[in-house]
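Asks: Provided below: input-v1.cif, containing mmCIF, C-alpha atoms.
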```cif
data_input
loop_
_atom_site.group_PDB
_atom_site.id
_atom_site.type_symbol
_atom_site.label_atom_id
_atom_site.label_comp_id
_atom_site.auth_asym_id
_atom_site.auth_seq_id
_atom_site.Cartn_x
_atom_site.Cartn_y
_atom_site.Cartn_z
ATOM 1 C CA MET R 541 48.192 92.554 -235.849
ATOM 2 C CA PHE R 542 46.972 93.782 -232.445
ATOM 3 C CA ALA R 543 43.357 93.938 -233.689
ATOM 4 C CA ARG R 544 43.636 90.375 -234.915
ATOM 5 C CA PHE R 545 44.970 89.294 -231.524
ATOM 6 C CA VAL R 546 42.041 90.962 -229.748
ATOM 7 C CA LEU R 547 39.548 89.255 -232.078
ATOM 8 C CA LEU R 548 41.144 85.871 -231.458
ATOM 9 C CA LEU R 549 41.071 86.476 -227.710
ATOM 10 C CA LEU R 550 37.413 87.491 -227.858
ATOM 11 C CA ALA R 551 36.524 84.466 -229.983
ATOM 12 C CA GLY R 552 38.265 82.231 -227.473
ATOM 13 C CA SER R 553 36.317 83.762 -224.589
ATOM 14 C CA ILE R 554 33.003 83.294 -226.410
ATOM 15 C CA LEU R 555 33.838 79.660 -227.200
ATOM 16 C CA MET R 556 34.804 79.051 -223.568
ATOM 17 C CA ALA R 557 31.508 80.513 -222.378
ATOM 18 C CA GLN R 558 29.557 78.364 -224.822
ATOM 19 C CA GLU R 559 31.269 75.217 -223.538
ATOM 20 C CA LEU R 560 30.580 76.031 -219.906
ATOM 21 C CA PRO R 561 27.079 75.235 -218.563
ATOM 22 C CA VAL R 562 25.032 78.264 -217.546
ATOM 23 C CA ARG R 563 22.987 76.422 -214.930
ATOM 24 C CA TRP R 564 24.371 76.350 -211.395
ATOM 25 C CA ASP R 565 23.282 72.725 -210.955
ATOM 26 C CA GLU R 566 24.994 71.589 -214.183
ATOM 27 C CA LEU R 567 28.414 73.026 -213.322
ATOM 28 C CA VAL R 568 31.101 70.758 -211.913
ATOM 29 C CA ALA R 569 33.129 71.999 -208.949
ATOM 30 C CA SER R 570 36.364 72.112 -210.973
ATOM 31 C CA ASP R 571 34.734 74.634 -213.352
ATOM 32 C CA TRP R 572 33.579 76.959 -210.564
ATOM 33 C CA LYS R 573 36.514 79.374 -210.813
ATOM 34 C CA ARG R 574 36.059 79.655 -214.568
ATOM 35 C CA ALA R 575 32.324 80.299 -214.162
ATOM 36 C CA LEU R 576 33.041 83.054 -211.642
ATOM 37 C CA GLU R 577 35.516 84.667 -214.023
ATOM 38 C CA LEU R 578 33.275 84.528 -217.094
ATOM 39 C CA SER R 579 30.248 85.776 -215.175
ATOM 40 C CA LYS R 580 32.319 88.450 -213.397
ATOM 41 C CA GLY R 581 30.960 87.064 -210.149
ATOM 42 C CA THR R 582 27.341 87.517 -211.267
ATOM 43 C CA CYS R 583 24.476 85.115 -210.594
ATOM 44 C CA LEU R 584 21.008 85.420 -212.101
ATOM 45 C CA LEU R 585 18.188 84.290 -209.800
ATOM 46 C CA PRO R 586 14.942 83.769 -211.750
ATOM 47 C CA ILE R 587 11.875 83.681 -209.519
ATOM 48 C CA GLY R 588 8.552 82.241 -210.614
ATOM 49 C CA ILE R 589 5.569 81.016 -208.612
ATOM 50 C CA LEU R 590 3.096 78.134 -208.526
ATOM 51 C CA GLU R 591 -0.434 79.465 -208.921
ATOM 52 C CA LYS R 592 -3.626 78.965 -210.877
ATOM 53 C CA HIS R 593 -3.468 80.409 -214.404
ATOM 54 C CA GLY R 594 -7.069 80.296 -215.515
ATOM 55 C CA PRO R 595 -8.447 76.922 -216.652
ATOM 56 C CA HIS R 596 -5.926 76.342 -219.440
ATOM 57 C CA VAL R 597 -2.351 77.385 -218.565
ATOM 58 C CA PRO R 598 -0.102 75.364 -216.179
ATOM 59 C CA VAL R 599 0.354 76.491 -212.575
ATOM 60 C CA GLY R 600 4.093 76.767 -213.190
ATOM 61 C CA SER R 601 3.797 79.265 -216.057
ATOM 62 C CA ASP R 602 5.707 82.037 -214.268
ATOM 63 C CA LEU R 603 8.417 79.554 -213.331
ATOM 64 C CA PHE R 604 8.694 78.314 -216.916
ATOM 65 C CA HIS R 605 8.974 81.873 -218.219
ATOM 66 C CA ALA R 606 11.579 82.942 -215.658
ATOM 67 C CA THR R 607 13.849 79.952 -216.133
ATOM 68 C CA TYR R 608 13.519 79.735 -219.928
ATOM 69 C CA ILE R 609 14.266 83.405 -220.533
ATOM 70 C CA SER R 610 17.139 83.414 -218.012
ATOM 71 C CA ARG R 611 18.843 80.442 -219.604
ATOM 72 C CA GLU R 612 18.464 81.870 -223.094
ATOM 73 C CA VAL R 613 19.937 85.138 -221.835
ATOM 74 C CA ALA R 614 22.925 83.299 -220.357
ATOM 75 C CA LYS R 615 23.676 81.737 -223.750
ATOM 76 C CA ARG R 616 24.111 85.232 -225.183
ATOM 77 C CA GLU R 617 25.810 86.868 -222.197
ATOM 78 C CA TYR R 618 27.407 84.393 -219.826
ATOM 79 C CA VAL R 619 25.989 84.437 -216.332
ATOM 80 C CA VAL R 620 25.350 81.602 -213.886
ATOM 81 C CA VAL R 621 21.634 80.865 -213.540
ATOM 82 C CA PHE R 622 20.352 79.590 -210.198
ATOM 83 C CA PRO R 623 18.011 76.537 -210.271
ATOM 84 C CA GLU R 624 14.213 76.772 -210.238
ATOM 85 C CA TYR R 625 12.930 79.033 -207.450
ATOM 86 C CA PHE R 626 9.203 79.427 -206.855
ATOM 87 C CA TYR R 627 8.828 80.856 -203.344
ATOM 88 C CA GLY R 628 7.145 84.265 -203.319
ATOM 89 C CA GLN R 629 4.025 86.296 -202.578
ATOM 90 C CA ILE R 630 0.863 84.570 -203.826
ATOM 91 C CA TYR R 631 -1.636 84.785 -200.960
ATOM 92 C CA GLU R 632 -4.434 86.246 -203.098
ATOM 93 C CA ALA R 633 -4.573 82.942 -204.994
ATOM 94 C CA LYS R 634 -4.463 80.443 -202.127
ATOM 95 C CA TYR R 635 -7.986 79.330 -202.996
ATOM 96 C CA GLY R 636 -6.843 78.178 -206.450
ATOM 97 C CA GLU R 637 -5.861 74.578 -207.064
ATOM 98 C CA GLY R 638 -2.100 74.075 -207.284
ATOM 99 C CA THR R 639 -1.143 77.352 -205.598
ATOM 100 C CA PHE R 640 1.892 77.034 -203.319
ATOM 101 C CA ALA R 641 2.076 79.790 -200.695
ATOM 102 C CA LEU R 642 4.553 79.728 -197.826
ATOM 103 C CA PRO R 643 4.185 82.029 -194.748
ATOM 104 C CA PRO R 644 5.160 85.698 -195.315
ATOM 105 C CA ALA R 645 8.130 85.785 -192.925
ATOM 106 C CA LEU R 646 9.436 82.490 -194.284
ATOM 107 C CA ILE R 647 9.648 83.579 -197.928
ATOM 108 C CA SER R 648 11.836 86.534 -196.955
ATOM 109 C CA LYS R 649 14.036 84.444 -194.658
ATOM 110 C CA LEU R 650 14.362 81.782 -197.348
ATOM 111 C CA LEU R 651 15.308 84.301 -200.027
ATOM 112 C CA GLN R 652 17.857 85.986 -197.751
ATOM 113 C CA ALA R 653 19.426 82.647 -196.840
ATOM 114 C CA THR R 654 19.532 81.718 -200.524
ATOM 115 C CA LEU R 655 21.303 84.962 -201.430
ATOM 116 C CA ASP R 656 23.755 84.482 -198.554
ATOM 117 C CA GLU R 657 24.633 81.034 -199.880
ATOM 118 C CA ILE R 658 24.979 82.265 -203.461
ATOM 119 C CA ALA R 659 27.391 84.938 -202.231
ATOM 120 C CA ARG R 660 29.304 82.463 -200.070
ATOM 121 C CA ASN R 661 29.989 80.543 -203.259
ATOM 122 C CA GLY R 662 31.725 83.560 -204.769
ATOM 123 C CA PHE R 663 28.975 85.518 -206.537
ATOM 124 C CA LYS R 664 29.040 89.084 -205.214
ATOM 125 C CA LYS R 665 26.458 90.399 -207.679
ATOM 126 C CA ILE R 666 23.043 88.753 -207.624
ATOM 127 C CA LEU R 667 20.378 89.788 -210.117
ATOM 128 C CA ILE R 668 16.786 88.878 -209.256
ATOM 129 C CA TYR R 669 14.465 88.407 -212.220
ATOM 130 C CA SER R 670 10.812 87.771 -211.308
ATOM 131 C CA THR R 671 8.051 86.983 -213.801
ATOM 132 C CA HIS R 672 5.243 86.912 -211.232
ATOM 133 C CA GLY R 673 3.075 90.029 -211.017
ATOM 134 C CA GLY R 674 2.452 89.528 -207.303
ATOM 135 C CA ASN R 675 6.133 89.807 -206.341
ATOM 136 C CA PRO R 676 7.228 93.429 -207.072
ATOM 137 C CA HIS R 677 5.883 95.056 -203.868
ATOM 138 C CA TRP R 678 7.566 92.406 -201.731
ATOM 139 C CA LEU R 679 10.813 92.345 -203.709
ATOM 140 C CA ARG R 680 11.272 96.120 -203.679
ATOM 141 C CA PHE R 681 10.981 96.114 -199.889
ATOM 142 C CA PHE R 682 13.230 93.068 -199.644
ATOM 143 C CA VAL R 683 15.982 94.666 -201.730
ATOM 144 C CA GLN R 684 15.728 97.900 -199.735
ATOM 145 C CA SER R 685 16.169 95.888 -196.538
ATOM 146 C CA GLN R 686 19.630 94.772 -197.690
ATOM 147 C CA LEU R 687 20.945 97.953 -196.094
ATOM 148 C CA ASP R 688 19.748 96.801 -192.677
ATOM 149 C CA LYS R 689 23.081 95.051 -192.070
ATOM 150 C CA LYS R 690 26.441 94.968 -193.832
ATOM 151 C CA ARG R 691 26.750 92.397 -196.606
ATOM 152 C CA ASP R 692 29.637 91.622 -198.933
ATOM 153 C CA TYR R 693 27.411 91.352 -202.010
ATOM 154 C CA VAL R 694 24.964 93.515 -203.955
ATOM 155 C CA VAL R 695 21.397 92.535 -204.852
ATOM 156 C CA TYR R 696 19.930 93.927 -208.059
ATOM 157 C CA TYR R 697 16.231 93.623 -208.884
ATOM 158 C CA TYR R 698 15.247 93.915 -212.537
ATOM 159 C CA ASP R 699 11.959 95.827 -212.602
ATOM 160 C CA PRO R 700 11.383 96.848 -216.259
ATOM 161 C CA ALA R 701 9.359 99.890 -217.233
ATOM 162 C CA PRO R 702 6.836 99.588 -220.106
ATOM 163 C CA ASP R 703 8.531 99.697 -223.510
ATOM 164 C CA THR R 704 6.179 101.924 -225.516
ATOM 165 C CA ALA R 705 7.878 101.233 -228.865
ATOM 166 C CA PHE R 706 7.581 97.487 -228.357
ATOM 167 C CA LEU R 707 3.973 97.774 -227.178
ATOM 168 C CA GLU R 708 3.106 99.608 -230.393
ATOM 169 C CA GLN R 709 4.668 96.799 -232.406
ATOM 170 C CA LEU R 710 2.857 94.196 -230.318
ATOM 171 C CA SER R 711 -0.524 95.900 -230.692
ATOM 172 C CA LYS R 712 -0.397 95.310 -234.452
ATOM 173 C CA ILE R 713 -0.692 91.545 -234.061
ATOM 174 C CA ARG R 714 -2.815 91.346 -230.903
ATOM 175 C CA LYS R 715 -6.485 90.380 -231.012
ATOM 176 C CA THR R 716 -7.569 91.863 -227.667
ATOM 177 C CA PRO R 717 -6.793 95.138 -225.818
ATOM 178 C CA LEU R 718 -3.719 95.259 -223.601
ATOM 179 C CA ALA R 719 -5.806 96.742 -220.780
ATOM 180 C CA GLY R 720 -7.070 93.908 -218.602
ATOM 181 C CA ASP R 721 -4.694 91.347 -220.103
ATOM 182 C CA GLU R 722 -2.977 90.669 -216.790
ATOM 183 C CA HIS R 723 -2.963 86.948 -216.056
ATOM 184 C CA ALA R 724 -3.301 83.874 -218.293
ATOM 185 C CA GLY R 725 -4.776 86.079 -221.004
ATOM 186 C CA GLU R 726 -3.624 86.580 -224.577
ATOM 187 C CA ARG R 727 -0.120 87.705 -223.655
ATOM 188 C CA GLU R 728 0.790 85.045 -221.113
ATOM 189 C CA THR R 729 -0.910 82.221 -222.986
ATOM 190 C CA SER R 730 0.914 83.255 -226.158
ATOM 191 C CA SER R 731 4.262 83.114 -224.366
ATOM 192 C CA MET R 732 3.507 79.621 -223.105
ATOM 193 C CA LEU R 733 2.547 78.569 -226.633
ATOM 194 C CA ALA R 734 6.020 79.714 -227.669
ATOM 195 C CA ILE R 735 8.009 77.905 -224.970
ATOM 196 C CA ARG R 736 5.832 74.983 -223.741
ATOM 197 C CA PRO R 737 2.887 74.469 -226.114
ATOM 198 C CA ASP R 738 2.544 70.887 -224.869
ATOM 199 C CA LEU R 739 1.245 72.160 -221.520
ATOM 200 C CA VAL R 740 -1.388 74.625 -222.768
ATOM 201 C CA LYS R 741 -5.031 73.451 -222.978
ATOM 202 C CA MET R 742 -6.370 75.917 -225.537
ATOM 203 C CA ASP R 743 -9.720 74.107 -225.745
ATOM 204 C CA ARG R 744 -10.355 75.090 -222.102
ATOM 205 C CA ALA R 745 -9.402 78.766 -222.404
ATOM 206 C CA GLY R 746 -13.049 79.823 -222.569
ATOM 207 C CA ASP R 747 -14.252 77.676 -219.678
ATOM 208 C CA GLU R 748 -13.970 80.551 -217.176
ATOM 209 C CA ASP R 749 -14.568 84.298 -217.302
ATOM 210 C CA GLY R 750 -11.397 86.379 -217.364
ATOM 211 C CA SER R 751 -13.048 89.792 -217.562
ATOM 212 C CA ASP R 752 -12.638 92.564 -214.969
ATOM 213 C CA GLN R 753 -15.533 92.363 -212.481
ATOM 214 C CA LYS R 754 -14.786 95.883 -211.156
ATOM 215 C CA ARG R 755 -16.272 95.056 -207.754
ATOM 216 C CA LEU R 756 -14.256 97.785 -205.993
ATOM 217 C CA ALA R 757 -14.351 100.356 -208.777
ATOM 218 C CA ASP R 758 -16.084 102.824 -206.440
ATOM 219 C CA MET R 759 -12.959 102.883 -204.202
ATOM 220 C CA PRO R 760 -10.189 104.409 -206.352
ATOM 221 C CA ASN R 761 -6.671 104.887 -204.962
ATOM 222 C CA ILE R 762 -7.311 102.297 -202.258
ATOM 223 C CA TRP R 763 -5.380 99.044 -201.982
ATOM 224 C CA THR R 764 -6.531 96.049 -199.945
ATOM 225 C CA ALA R 765 -5.516 92.397 -199.820
ATOM 226 C CA THR R 766 -8.453 91.544 -202.087
ATOM 227 C CA SER R 767 -8.165 94.401 -204.586
ATOM 228 C CA TRP R 768 -6.948 92.170 -207.412
ATOM 229 C CA TYR R 769 -9.209 89.279 -206.432
ATOM 230 C CA ALA R 770 -12.203 91.637 -206.485
ATOM 231 C CA ARG R 771 -11.512 92.284 -210.149
ATOM 232 C CA PHE R 772 -10.602 88.768 -211.251
ATOM 233 C CA PRO R 773 -12.155 86.158 -208.910
ATOM 234 C CA ASN R 774 -11.283 83.285 -211.272
ATOM 235 C CA HIS R 775 -7.581 84.212 -211.077
ATOM 236 C CA TYR R 776 -7.829 84.727 -214.806
ATOM 237 C CA ALA R 777 -7.442 88.167 -216.382
ATOM 238 C CA GLY R 778 -7.785 88.413 -220.132
ATOM 239 C CA VAL R 779 -8.780 86.258 -223.086
ATOM 240 C CA GLY R 780 -6.543 83.227 -223.380
ATOM 241 C CA SER R 781 -8.312 81.929 -226.459
ATOM 242 C CA ALA R 782 -6.905 84.874 -228.446
ATOM 243 C CA ALA R 783 -3.319 83.697 -227.933
ATOM 244 C CA THR R 784 -0.949 82.737 -230.749
ATOM 245 C CA ALA R 785 2.532 81.262 -230.831
ATOM 246 C CA GLU R 786 3.568 84.091 -233.164
ATOM 247 C CA GLU R 787 2.779 86.680 -230.515
ATOM 248 C CA GLY R 788 4.464 84.517 -227.896
ATOM 249 C CA LYS R 789 7.721 84.320 -229.840
ATOM 250 C CA LEU R 790 7.752 88.099 -230.185
ATOM 251 C CA LEU R 791 7.162 88.540 -226.443
ATOM 252 C CA VAL R 792 9.790 86.010 -225.407
ATOM 253 C CA GLU R 793 12.449 87.353 -227.764
ATOM 254 C CA HIS R 794 11.843 90.881 -226.527
ATOM 255 C CA GLY R 795 12.134 89.699 -222.933
ATOM 256 C CA ILE R 796 15.408 87.925 -223.668
ATOM 257 C CA GLY R 797 16.892 90.915 -225.473
ATOM 258 C CA ALA R 798 15.970 93.327 -222.693
ATOM 259 C CA LEU R 799 17.398 91.104 -219.952
ATOM 260 C CA VAL R 800 20.644 90.548 -221.879
ATOM 261 C CA LYS R 801 21.293 94.306 -221.686
ATOM 262 C CA VAL R 802 20.577 94.301 -217.954
ATOM 263 C CA VAL R 803 22.918 91.374 -217.307
ATOM 264 C CA ARG R 804 25.726 93.097 -219.219
ATOM 265 C CA GLY R 805 25.173 96.257 -217.199
ATOM 266 C CA VAL R 806 25.254 94.403 -213.876
ATOM 267 C CA LYS R 807 28.395 92.455 -214.818
ATOM 268 C CA ASP R 808 30.220 95.673 -215.690
ATOM 269 C CA ASP R 809 28.860 97.722 -212.794
ATOM 270 C CA GLN R 810 31.605 99.038 -210.544
ATOM 271 C CA THR R 811 29.626 101.916 -209.037
ATOM 272 C CA THR R 812 26.837 100.246 -207.048
ATOM 273 C CA PRO R 813 29.156 98.135 -204.845
ATOM 274 C CA LYS R 814 31.125 101.277 -203.951
ATOM 275 C CA ILE R 815 27.981 103.251 -203.129
ATOM 276 C CA GLN R 816 26.622 100.420 -201.000
ATOM 277 C CA GLU R 817 29.913 100.238 -199.092
ATOM 278 C CA GLU R 818 29.805 104.012 -198.603
ATOM 279 C CA ASN R 819 26.316 103.721 -197.127
ATOM 280 C CA TYR R 820 27.447 101.002 -194.717
ATOM 281 C CA ARG R 821 30.394 103.129 -193.554
ATOM 282 C CA ARG R 822 28.153 106.123 -192.868
ATOM 283 C CA GLN R 823 25.836 103.973 -190.744
ATOM 284 C CA LEU R 824 28.711 103.331 -188.341
ATOM 285 C CA LYS R 825 29.407 107.011 -187.660
#
```
Is it possible to express this structure as structure tokens?

Replies:
Amino acid sequence: MFARFVLLLLAGSILMAQELPVRWDELVASDWKRALELSKGTCLLPIGILEKHGPHVPVGSDLFHATYISREVAKREYVVVFPEYFYGQIYEAKYGEGTFALPPALISKLLQATLDEIARNGFKKILIYSTHGGNPHWLRFFVQSQLDKKRDYVVYYYDPAPDTAFLEQLSKIRKTPLAGDEHAGERETSSMLAIRPDLVKMDRAGDEDGSDQKRLADMPNIWTATSWYARFPNHYAGVGSAATAEEGKLLVEHGIGALVKVVRGVKDDQTTPKIQEENYRRQLK
């Protein structure tokens, strides 16, 4: 009898989560308390960017990926998803049409103010999920800087390590090597074919060269502002014409599954908030 009661309770919770919108902007104020309860005070902030993606993929590709995957994740594990956010580090691509790059200090101030407002609305766990390859260096520093002053919320940054088992599975259906497939190539174009095929111009995928120019290959272990640009001056890295929707569906589903596990972990995490509070207390001694 008790087991049956638990199952009924669980079924009711799942149904309630399915009825409640996952998007912050689609919630009504009278549902806010329920959203906070179901999400365990957790908000998912997907960050994309607006930048050139070769000659064939839309400038908002990273934004489309971040928001699509986040919303699909929230359908499987309830979490409130913040609206479209595309302010990040993209200075190496300012020469490309459609690139939107705000000043360095402003993007950090804007993100901090955004997190402060998310927390003011009751979400004390904020998970940042970025799909733009130019953001990790900045975001790692940004998250570390949260210890600069006491805050009543915790920021988590999802920074996945390579999944070797999945990469082996993926290699069986790929047409080009994984090495060098970094931007608007087979992988990213495939993902867009899976989620927004209407925006991909496959007939233009070969209009520009996406191969590694290796113009700074004689300077290993050195990083400059133009290191990536020196390799891929067309802001295109890979072979987009090799993309398939089949590969894209595999990539997207893997991304969703991996992020679902992360969201569950963050929702249930009781340790990080305590450790952060401990760190704050020790700063005052």

Asks: Using the chain letters and numbers from the file, give me the residues hit by the PyMOL selection byres ((chain R and resi 785) around 8), as a ChimeraX atom specification.

Replies: /R:730-734,783-784,786-789

Asks: Expanded to explicit residues, what is the PyMOL selection byres ((chain R and resi 692-694) around 7) for this file, as a ChimeraX atom specification?

Replies: /R:659,664-666,690-691,695-696,813

Asks: Pick the closest to R:Pro586 from R:Tyr618, R:Tyr625, R:Tyr697, R:Phe772: which is it, counting all atoms listed in the file?

Replies: R:Tyr625

Asks: Give as a PDB file with C-alpha atoms, keeping the file's coordinate frame the set of residues within 8 Å of the point (0.6, 77.2, -220.7), where distances use the file's coordinates and all atoms listed in the file.

Replies:
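After the write, point11.pdb holds the following:
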```pdb
ATOM      1  CA  HIS R 596      -5.926  76.342-219.440  1.00  0.00           C
ATOM      2  CA  VAL R 597      -2.351  77.385-218.565  1.00  0.00           C
ATOM      3  CA  PRO R 598      -0.102  75.364-216.179  1.00  0.00           C
ATOM      4  CA  SER R 601       3.797  79.265-216.057  1.00  0.00           C
ATOM      5  CA  GLU R 728       0.790  85.045-221.113  1.00  0.00           C
ATOM      6  CA  THR R 729      -0.910  82.221-222.986  1.00  0.00           C
ATOM      7  CA  SER R 731       4.262  83.114-224.366  1.00  0.00           C
ATOM      8  CA  MET R 732       3.507  79.621-223.105  1.00  0.00           C
ATOM      9  CA  LEU R 733       2.547  78.569-226.633  1.00  0.00           C
ATOM     10  CA  ARG R 736       5.832  74.983-223.741  1.00  0.00           C
ATOM     11  CA  PRO R 737       2.887  74.469-226.114  1.00  0.00           C
ATOM     12  CA  ASP R 738       2.544  70.887-224.869  1.00  0.00           C
ATOM     13  CA  LEU R 739       1.245  72.160-221.520  1.00  0.00           C
ATOM     14  CA  VAL R 740      -1.388  74.625-222.768  1.00  0.00           C
ATOM     15  CA  LYS R 741      -5.031  73.451-222.978  1.00  0.00           C
TER      16      LYS R 741
END
```

Asks: Might you pull out every residue within 8 Å of R:Ile609, with all atoms listed in the file counted and same-chain residues fewer than 4 positions away left off, and present them as a PyMOL selection string?

Replies: chain R and resi 605+613+792+795-796

Asks: Going by the chain IDs and residue numbers used in this file, which residues fall under the PyMOL selection byres ((chain R and resi 635) around 12)? Write them as a CSV table (one decimal) with C-alpha atoms, keeping the file's coordinate frame.

Replies:
```csv
chain,number,residue,atom,x,y,z
R,591,GLU,CA,-0.4,79.5,-208.9
R,592,LYS,CA,-3.6,79.0,-210.9
R,630,ILE,CA,0.9,84.6,-203.8
R,631,TYR,CA,-1.6,84.8,-201.0
R,632,GLU,CA,-4.4,86.2,-203.1
R,633,ALA,CA,-4.6,82.9,-205.0
R,634,LYS,CA,-4.5,80.4,-202.1
R,636,GLY,CA,-6.8,78.2,-206.4
R,637,GLU,CA,-5.9,74.6,-207.1
R,638,GLY,CA,-2.1,74.1,-207.3
R,639,THR,CA,-1.1,77.4,-205.6
R,640,PHE,CA,1.9,77.0,-203.3
R,641,ALA,CA,2.1,79.8,-200.7
R,769,TYR,CA,-9.2,89.3,-206.4
R,773,PRO,CA,-12.2,86.2,-208.9
R,774,ASN,CA,-11.3,83.3,-211.3
R,775,HIS,CA,-7.6,84.2,-211.1
```

Asks: Between R:Lys615, R:Arg660, R:Arg804, R:His672, single out the one closest to R:Leu603, counting all atoms listed in the file.

Replies: R:His672

Asks: Could you check the closest approach to R:Tyr608 for each of R:Ala575, R:Ile735, R:Val806, R:Ala777 and tell me which residue wins, using only C-alpha atoms?

Replies: R:Ile735

Asks: Find the residue from R:Leu710, R:Ala757, R:Ala705, R:Ile587 that sits nearest to R:Leu679; use only C-alpha atoms when measuring.

Replies: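 Residue with the minimum atom-to-atom distance to R:Leu679: R:Ile587.
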
Asks: Show which residues sit within 9 Å of R:Asp721, as JSON, numbers by chain. Count all atoms listed in the file, and ignore same-chain residues fewer than 5 positions away.

Replies: {"R": [716, 726, 727, 728, 750, 751, 777, 778, 779, 780]}

Asks: Some atoms are absent from stretch 634-645 of chain R, so rebuild N, CA and C atoms and return them as a short mmCIF file (atom, residue, chain, number, x, y, z; two decimals), in the frame of the given file.

Replies:
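Listed below is the output, selection23.cif:
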```cif
data_model
loop_
_atom_site.label_atom_id
_atom_site.label_comp_id
_atom_site.auth_asym_id
_atom_site.auth_seq_id
_atom_site.Cartn_x
_atom_site.Cartn_y
_atom_site.Cartn_z
N LYS R 634 -4.54 81.68 -202.90
CA LYS R 634 -4.46 80.44 -202.13
C LYS R 634 -5.67 79.54 -202.34
N TYR R 635 -6.78 80.13 -202.76
CA TYR R 635 -7.99 79.33 -203.00
C TYR R 635 -7.89 78.52 -204.29
N GLY R 636 -6.96 78.85 -205.15
CA GLY R 636 -6.84 78.18 -206.45
C GLY R 636 -6.06 76.89 -206.37
N GLU R 637 -6.54 75.88 -207.05
CA GLU R 637 -5.86 74.58 -207.06
C GLU R 637 -4.42 74.71 -207.58
N GLY R 638 -3.50 74.09 -206.86
CA GLY R 638 -2.10 74.08 -207.28
C GLY R 638 -1.26 75.22 -206.77
N THR R 639 -1.89 76.20 -206.12
CA THR R 639 -1.14 77.35 -205.60
C THR R 639 -0.30 76.92 -204.40
N PHE R 640 0.95 77.39 -204.39
CA PHE R 640 1.89 77.03 -203.32
C PHE R 640 2.32 78.32 -202.63
N ALA R 641 1.82 78.53 -201.41
CA ALA R 641 2.08 79.79 -200.70
C ALA R 641 2.65 79.52 -199.31
N LEU R 642 3.91 79.87 -199.13
CA LEU R 642 4.55 79.73 -197.83
C LEU R 642 4.28 80.97 -196.96
N PRO R 643 4.44 80.89 -195.63
CA PRO R 643 4.18 82.03 -194.75
C PRO R 643 5.03 83.26 -195.11
N PRO R 644 4.48 84.45 -194.92
CA PRO R 644 5.16 85.70 -195.32
C PRO R 644 6.59 85.84 -194.79
N ALA R 645 6.79 85.62 -193.49
CA ALA R 645 8.13 85.78 -192.92
C ALA R 645 9.10 84.75 -193.50
#
```
